[in-house]
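J.: For reference, the file coords.txt (compact mmCIF, C-alpha atoms) is included below:
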```
# COMPACT_ATOMS: atom_id res chain seq x y z
CA MET A 73 -10.32 -11.00 26.92
CA LYS A 74 -9.67 -9.73 23.40
CA GLN A 75 -11.31 -11.13 20.29
CA HIS A 76 -11.67 -10.01 16.70
CA ILE A 77 -13.17 -11.33 13.48
CA GLY A 78 -10.19 -12.66 11.56
CA SER A 79 -11.87 -13.41 8.24
CA ILE A 80 -15.24 -13.14 6.58
CA ALA A 81 -16.02 -15.78 3.95
CA LEU A 82 -17.35 -14.26 0.74
CA VAL A 83 -18.89 -16.74 -1.71
CA VAL A 84 -17.54 -16.14 -5.22
CA ALA A 85 -18.10 -17.78 -8.60
CA ASP A 86 -14.41 -18.01 -9.53
CA TYR A 87 -11.23 -17.57 -7.51
CA ASP A 88 -9.19 -15.85 -10.19
CA GLU A 89 -11.81 -13.34 -11.34
CA ALA A 90 -12.63 -12.44 -7.72
CA LEU A 91 -8.95 -12.11 -6.82
CA ALA A 92 -8.34 -9.89 -9.84
CA TRP A 93 -11.30 -7.65 -9.01
CA TYR A 94 -10.50 -7.22 -5.33
CA THR A 95 -6.82 -6.50 -5.94
CA THR A 96 -7.35 -4.24 -8.97
CA VAL A 97 -10.59 -2.35 -8.31
CA LEU A 98 -10.43 -2.17 -4.51
CA GLY A 99 -6.65 -2.26 -4.25
CA PHE A 100 -6.72 -5.08 -1.70
CA GLN A 101 -3.56 -7.04 -1.02
CA LEU A 102 -3.26 -10.77 -1.58
CA ILE A 103 -2.44 -12.31 1.80
CA GLU A 104 -2.58 -15.99 0.89
CA ASP A 105 -3.42 -18.21 -2.06
CA THR A 106 -2.91 -21.85 -1.12
CA ASP A 107 -3.96 -24.83 -3.24
CA MET A 108 -5.98 -27.16 -1.00
CA GLY A 109 -6.37 -29.86 -3.66
CA GLY A 110 -9.44 -30.95 -5.58
CA GLY A 111 -9.88 -27.49 -7.12
CA LYS A 112 -10.23 -25.83 -3.72
CA ARG A 113 -8.03 -22.90 -2.70
CA TRP A 114 -7.56 -20.81 0.44
CA VAL A 115 -7.58 -17.27 -0.98
CA VAL A 116 -7.34 -14.39 1.49
CA VAL A 117 -7.27 -10.67 0.66
CA ALA A 118 -7.29 -7.56 2.82
CA PRO A 119 -7.44 -3.79 2.41
CA PRO A 120 -4.06 -2.05 2.52
CA GLY A 121 -3.05 -1.41 6.12
CA ALA A 122 -5.69 -3.77 7.56
CA ALA A 123 -4.46 -5.38 10.75
CA GLU A 124 -7.21 -7.86 11.57
CA THR A 125 -10.28 -8.53 9.43
CA ARG A 126 -9.69 -10.13 6.05
CA LEU A 127 -11.82 -11.61 3.26
CA LEU A 128 -11.68 -15.31 2.49
CA LEU A 129 -12.74 -15.71 -1.15
CA ALA A 130 -14.67 -19.00 -1.03
CA LYS A 131 -15.63 -20.51 -4.39
CA ALA A 132 -19.20 -21.78 -4.53
CA ALA A 133 -19.11 -25.58 -4.63
CA THR A 134 -22.81 -26.48 -4.80
CA PRO A 135 -25.86 -25.14 -6.65
CA GLU A 136 -27.17 -23.76 -3.34
CA GLN A 137 -23.95 -21.85 -2.71
CA SER A 138 -23.90 -20.60 -6.31
CA ALA A 139 -27.40 -19.21 -5.82
CA HIS A 140 -26.04 -16.91 -3.10
CA VAL A 141 -23.12 -15.46 -5.05
CA GLY A 142 -23.76 -11.72 -5.17
CA SER A 143 -26.59 -11.85 -2.64
CA GLN A 144 -24.96 -12.64 0.65
CA ALA A 145 -26.98 -9.99 2.47
CA GLY A 146 -30.25 -10.27 0.56
CA GLY A 147 -29.72 -7.00 -1.31
CA ARG A 148 -28.68 -4.93 1.72
CA VAL A 149 -25.23 -3.47 2.22
CA PHE A 150 -23.07 -6.42 3.26
CA LEU A 151 -19.69 -4.95 4.14
CA LEU A 152 -18.38 -1.52 5.11
CA LEU A 153 -14.96 -0.52 3.83
CA HIS A 154 -13.58 2.20 6.10
CA THR A 155 -11.03 4.62 4.69
CA ASP A 156 -8.89 7.45 5.97
CA ASP A 157 -9.33 9.40 2.69
CA PHE A 158 -12.74 9.00 1.09
CA TRP A 159 -12.12 11.07 -2.05
CA ARG A 160 -8.76 9.43 -2.82
CA ASP A 161 -10.29 5.96 -2.67
CA TYR A 162 -13.53 6.93 -4.40
CA GLU A 163 -11.68 8.43 -7.36
CA ARG A 164 -9.25 5.49 -7.59
CA MET A 165 -12.08 2.96 -7.46
CA ARG A 166 -14.12 4.90 -10.01
CA ALA A 167 -11.15 5.00 -12.39
CA ALA A 168 -10.68 1.23 -11.90
CA GLY A 169 -14.28 0.53 -12.91
CA ALA A 170 -16.17 0.17 -9.62
CA GLU A 171 -19.96 0.35 -9.98
CA PHE A 172 -21.43 2.94 -7.63
CA CYS A 173 -25.14 2.82 -6.77
CA GLU A 174 -25.43 6.51 -5.88
CA GLU A 175 -23.52 9.74 -5.56
CA PRO A 176 -21.30 10.19 -2.49
CA ARG A 177 -23.10 11.83 0.39
CA LYS A 178 -22.36 13.43 3.74
CA GLU A 179 -24.11 11.92 6.73
CA SER A 180 -23.81 12.77 10.42
CA TYR A 181 -21.46 9.80 10.84
CA GLY A 182 -19.25 10.55 7.81
CA THR A 183 -18.90 10.54 4.03
CA VAL A 184 -20.31 7.43 2.35
CA VAL A 185 -21.21 5.88 -0.98
CA VAL A 186 -22.69 2.48 -1.84
CA PHE A 187 -20.96 0.39 -4.47
CA LYS A 188 -21.31 -3.17 -5.80
CA ASP A 189 -18.61 -5.78 -6.03
CA LEU A 190 -18.18 -7.80 -9.22
CA TYR A 191 -21.04 -10.13 -8.25
CA GLY A 192 -23.47 -7.48 -7.02
CA ASN A 193 -22.91 -7.56 -3.24
CA LYS A 194 -23.40 -4.06 -1.89
CA TRP A 195 -20.69 -2.34 0.12
CA ASP A 196 -20.28 1.06 1.76
CA LEU A 197 -17.11 3.05 1.22
CA LEU A 198 -17.04 5.11 4.40
CA GLN A 199 -14.87 7.75 5.99
CA LEU A 200 -16.09 8.33 9.51
CA ALA A 201 -16.57 11.91 10.63
CA ALA A 202 -13.96 13.24 13.03
CA ALA A 203 -15.17 12.85 16.60
```
As structure tokens, what does this structure read like?

T.:
Amino acid sequence: MKQHIGSIALVVADYDEALAWYTTVLGFQLIEDTDMGGGKRWVVVAPPGAAETRLLLAKAATPEQSAHVGSQAGGRVFLLLHTDDFWRDYERMRAAGAEFCEEPRKESYGTVVVFKDLYGNKWDLLQLAAA
């Protein structure tokens, strides 16, 4: 048996601002943007070269959902963005306006830095150490 996580739904306040941020600041690619009617869209983005896991940008539709925009993991790191060149991506993201929570650091598992998306969700940018 083979399985994988195809998409992770990320609650956002606005489709267009989220799409602009993820494609500009993170350099993600737009995979799909389909109008579902009634103001709902199916908006999917993915890191360049990603083969499986993607982000579904899901606009908050209720006050309860809106309350969770930017806090999907309760203040903890929510997602880990793996890279094959940490410094290339760190410098590009920094130049594009990404908000970093700390200075990059070396850990036993690799080079990592925590950053926030446009709503405040925390992410790791991570290049794993060579095995």

J.: As an exercise, work out the distance from atom CA of Ala201 of chain A to atom CA of Lys74 of chain A in Å and give it to one decimal place.

T.: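 Atom CA of Ala201 of chain A sits 26.1 Å away from atom CA of Lys74 of chain A.
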
J.: Any idea what's packed within 10 Å of Gly147 of chain A, counting only C-alpha atoms, ignoring anything in its chain fewer than 5 positions away? Could you give it as a list in words?

T.: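 The filter keeps Gly142, Gly192, Asn193 and Lys194 of chain A.
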
J.: Can you work out which one of A:Leu153, A:Leu190, A:Val184, A:Leu98 has the shortest atom-to-atom distance to Arg166 of chain A, counting only C-alpha atoms?

T.: A:Leu98

J.: Taking only C-alpha atoms into account, which of A:Phe150, A:Phe158, A:Tyr94, A:Phe187 comes nearest Leu200 of chain A?

T.: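 Of A:Phe150, A:Phe158, A:Tyr94, A:Phe187, the one nearest Leu200 of chain A is A:Phe158, counting only C-alpha atoms.
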
J.: Go ahead and find all residues with at least one atom no further than 12 Å from (-25.2, -17.4, -6.1) in the file's coordinates, using all atoms listed in the file; report them as an NGL selection string.

T.: :A and (82-86 or 130-146 or 191-193)

J.: Save out the residues we just selected, C-alpha atoms, as a compact mmCIF listing (two decimals), in the coordinates of the input.

T.:
```txt
# COMPACT_ATOMS: atom_id res chain seq x y z
CA LEU A 82 -17.35 -14.26 0.74
CA VAL A 83 -18.89 -16.74 -1.71
CA VAL A 84 -17.54 -16.14 -5.22
CA ALA A 85 -18.10 -17.78 -8.60
CA ASP A 86 -14.41 -18.01 -9.53
CA ALA A 130 -14.67 -19.00 -1.03
CA LYS A 131 -15.63 -20.51 -4.39
CA ALA A 132 -19.20 -21.78 -4.53
CA ALA A 133 -19.11 -25.58 -4.63
CA THR A 134 -22.81 -26.48 -4.80
CA PRO A 135 -25.86 -25.14 -6.65
CA GLU A 136 -27.17 -23.76 -3.34
CA GLN A 137 -23.95 -21.85 -2.71
CA SER A 138 -23.90 -20.60 -6.31
CA ALA A 139 -27.40 -19.21 -5.82
CA HIS A 140 -26.04 -16.91 -3.10
CA VAL A 141 -23.12 -15.46 -5.05
CA GLY A 142 -23.76 -11.72 -5.17
CA SER A 143 -26.59 -11.85 -2.64
CA GLN A 144 -24.96 -12.64 0.65
CA ALA A 145 -26.98 -9.99 2.47
CA GLY A 146 -30.25 -10.27 0.56
CA TYR A 191 -21.04 -10.13 -8.25
CA GLY A 192 -23.47 -7.48 -7.02
CA ASN A 193 -22.91 -7.56 -3.24
```

J.: Could you please give me, as a PyMOL selection string, the residues of protein, DNA or RNA lying at most 12 Å from (-5.5, -18.9, -6.1) in the coordinate frame of the file, considering only C-alpha atoms?

T.: chain A and resi 86-92+102-109+111-117+128-131

J.: Write out as a list in words which residues come within 12 Å of Ala167 of chain A when counting only C-alpha atoms, dropping same-chain ones fewer than 3 positions away.

T.: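 Listed by chain and then number, they are Thr96, Val97, Leu98, Gly99, Arg160, Asp161, Tyr162, Glu163, Arg164, Ala170, Glu171 and Phe172 of chain A.
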
J.: Using atom CA of Arg126 of chain A and atom CA of Ser180 of chain A as the two end points, give the distance in Å to one decimal.

T.: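 If I compute the distance from atom CA of Arg126 of chain A to atom CA of Ser180 of chain A, I get 27.3 Å.
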
J.: For Thr95 of chain A, which of A:Ala168, A:Leu151, A:Ala81, A:Met73 is the closest residue, counting all atoms listed in the file?

T.: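 Counting all atoms listed in the file, the residue closest to Thr95 of chain A is A:Ala168.
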
J.: For atom CA of Leu198 of chain A and atom CA of Glu174 of chain A, determine how far apart the two atoms are, in Å to one decimal place.

T.: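 Between atom CA of Leu198 of chain A and atom CA of Glu174 of chain A the gap works out to 13.3 Å.
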
J.: Which residue out of A:Pro119, A:Trp93, A:Asp157, A:Thr125 has the minimum interatomic distance to Asp189 of chain A when all atoms listed in the file are used?

T.: A:Trp93

J.: With distances taken over only C-alpha atoms, which of A:Leu152, A:Gly78, A:Ala202, A:Cys173 is nearest to Val186 of chain A?

T.: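 For Val186 of chain A, the nearest of the candidates is A:Cys173.
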